[in-house]
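This report refers to the structure that appears directly beneath it.
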Amino acid sequence: MTETVMTIREMCDAFDVTPRTLRFYESKELLFPIREGQKRLFTRRDRARLKLILRGKRFGFSLEDIRQLLDLYEMGDKQKTQLSETIKLAQQRLEEMKRQRDELGQAIEELAGQIDWAEQELDKARHDDAA
């Protein structure tokens with residue numbers, strides 16, 4: 001691995017992704033590797049973008065949201081627009097995740113209650129059979 005560019009294999013190893021994933025992000029114009037024949041060479045910029053793409057995906061952002069945020073880097077306003085839009089989108093996603101967590105908590109409680117009820121019913125049935 002060189003300091004300036006990485007091969008597709010080096011990118012896969014460094015970021016724990018598949019070549020198919022990298023080609024997919026390239027096809028969606030999220031990454032822009034240098035092409036030398038069939039060879040793809042990923043720059044420092046590509047590595048930074050991939051890191052942000054993977055983080056965005058982990059937080060549940062759509063690829064289109066991620067693309068729009070990455071494209072704002074080119075605005076030339078010292079990233080003020082990009083950071084402002086990222087904060088806005090992140091706050092919306094955080095609220096959505098909190099709502100999902102609350103719904104999941106309720107579902108867990110309900111399921112635990114159903115399991116308790118079923119276990120009690122089974123104990124009663126076994127007790128009735130033993131009597």
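Chain labels run A, B, ... following the order of the structure tokens; each chain numbers its residues from 1, and ligands are numbered from 1 in the order shown.
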Please return, as a ChimeraX atom specification, all residues of chain A that DSSP assigns to alpha helix (DSSP H) on the basis of the backbone.
/A:8-15,19-27,44-58,63-71,80-130
Quick one: pick out all strand (DSSP E) residues within chain A from a backbone DSSP run and write them as a PDB file with N, CA, C and O atoms, in the first residue's frame.
ATOM      1  N   VAL A   5      -2.160   6.252  -3.076  1.00  0.00           N
ATOM      2  CA  VAL A   5      -3.254   5.475  -3.657  1.00  0.00           C
ATOM      3  C   VAL A   5      -3.283   4.063  -3.078  1.00  0.00           C
ATOM      4  O   VAL A   5      -2.276   3.560  -2.599  1.00  0.00           O
ATOM      5  N   MET A   6      -4.470   3.457  -3.158  1.00  0.00           N
ATOM      6  CA  MET A   6      -4.650   2.073  -2.717  1.00  0.00           C
ATOM      7  C   MET A   6      -5.349   1.312  -3.827  1.00  0.00           C
ATOM      8  O   MET A   6      -6.199   1.856  -4.528  1.00  0.00           O
ATOM      9  N   THR A   7      -5.013   0.036  -3.945  1.00  0.00           N
ATOM     10  CA  THR A   7      -5.706  -0.835  -4.900  1.00  0.00           C
ATOM     11  C   THR A   7      -7.059  -1.226  -4.314  1.00  0.00           C
ATOM     12  O   THR A   7      -7.333  -1.009  -3.126  1.00  0.00           O
ATOM     13  N   ILE A  34      -9.055   6.348  -9.662  1.00  0.00           N
ATOM     14  CA  ILE A  34      -8.294   6.546 -10.886  1.00  0.00           C
ATOM     15  C   ILE A  34      -8.325   5.214 -11.631  1.00  0.00           C
ATOM     16  O   ILE A  34      -8.097   4.159 -11.034  1.00  0.00           O
ATOM     17  N   ARG A  35      -8.601   5.249 -12.925  1.00  0.00           N
ATOM     18  CA  ARG A  35      -8.644   4.018 -13.711  1.00  0.00           C
ATOM     19  C   ARG A  35      -7.372   3.922 -14.539  1.00  0.00           C
ATOM     20  O   ARG A  35      -7.032   4.832 -15.275  1.00  0.00           O
ATOM     21  N   GLU A  36      -6.686   2.815 -14.372  1.00  0.00           N
ATOM     22  CA  GLU A  36      -5.518   2.495 -15.200  1.00  0.00           C
ATOM     23  C   GLU A  36      -5.813   1.151 -15.851  1.00  0.00           C
ATOM     24  O   GLU A  36      -5.548   0.107 -15.262  1.00  0.00           O
ATOM     25  N   LYS A  39      -7.496  -1.631 -13.774  1.00  0.00           N
ATOM     26  CA  LYS A  39      -7.092  -1.386 -12.385  1.00  0.00           C
ATOM     27  C   LYS A  39      -7.744  -0.112 -11.846  1.00  0.00           C
ATOM     28  O   LYS A  39      -7.813   0.898 -12.538  1.00  0.00           O
ATOM     29  N   ARG A  40      -8.206  -0.197 -10.615  1.00  0.00           N
ATOM     30  CA  ARG A  40      -8.760   0.965  -9.919  1.00  0.00           C
ATOM     31  C   ARG A  40      -7.791   1.359  -8.817  1.00  0.00           C
ATOM     32  O   ARG A  40      -7.411   0.524  -8.001  1.00  0.00           O
ATOM     33  N   LEU A  41      -7.461   2.629  -8.766  1.00  0.00           N
ATOM     34  CA  LEU A  41      -6.596   3.145  -7.705  1.00  0.00           C
ATOM     35  C   LEU A  41      -7.382   4.201  -6.929  1.00  0.00           C
ATOM     36  O   LEU A  41      -7.867   5.182  -7.501  1.00  0.00           O
ATOM     37  N   PHE A  42      -7.478   3.973  -5.639  1.00  0.00           N
ATOM     38  CA  PHE A  42      -8.270   4.845  -4.783  1.00  0.00           C
ATOM     39  C   PHE A  42      -7.370   5.848  -4.078  1.00  0.00           C
ATOM     40  O   PHE A  42      -6.375   5.469  -3.454  1.00  0.00           O
ATOM     41  N   THR A  43      -7.763   7.107  -4.146  1.00  0.00           N
ATOM     42  CA  THR A  43      -6.978   8.196  -3.566  1.00  0.00           C
ATOM     43  C   THR A  43      -7.352   8.411  -2.100  1.00  0.00           C
ATOM     44  O   THR A  43      -8.309   7.817  -1.586  1.00  0.00           O
TER      45      THR A  43
END
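Of note, atom CA of A:Glu95 and atom CA of A:Ala107 are spaced 18.4 Å apart.
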Which neighbours of A:Leu30 fall inside 9 Å, counting only C-alpha atoms, when residues of the same chain fewer than 4 positions from it are skipped, and could you give them as a VMD selection string?
chain A and resid 24 to 26 46 49 to 50 53 63 66 to 67 70 to 71
Expressed in Å to a single decimal, how great is the separation between atom CA of A:Arg93 and atom CA of A:Arg55?
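Result for atom CA of A:Arg93 versus atom CA of A:Arg55: 13.0 Å, one decimal.
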Between atom CA of A:Arg20 and atom CA of A:Phe59, what is the distance, to one decimal in Å?
21.2 Å
Taking only C-alpha atoms into account, which of A:Pro33, A:Gly60, A:Gly113, A:Pro19 comes nearest A:Thr4?
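Among the listed residues, A:Pro33 lies closest to A:Thr4.
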Among listed residues A:Asp128, A:Arg45, A:Val17, A:Ser62, nearest A:Leu31 (using only C-alpha atoms):
A:Arg45
Calculated over only C-alpha atoms, which of the candidates A:Ala90, A:Ala14, A:Ile108, A:Ala131 has the smallest distance to A:Lys57?
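Of the candidates, the smallest distance to A:Lys57 is held by A:Ala90.
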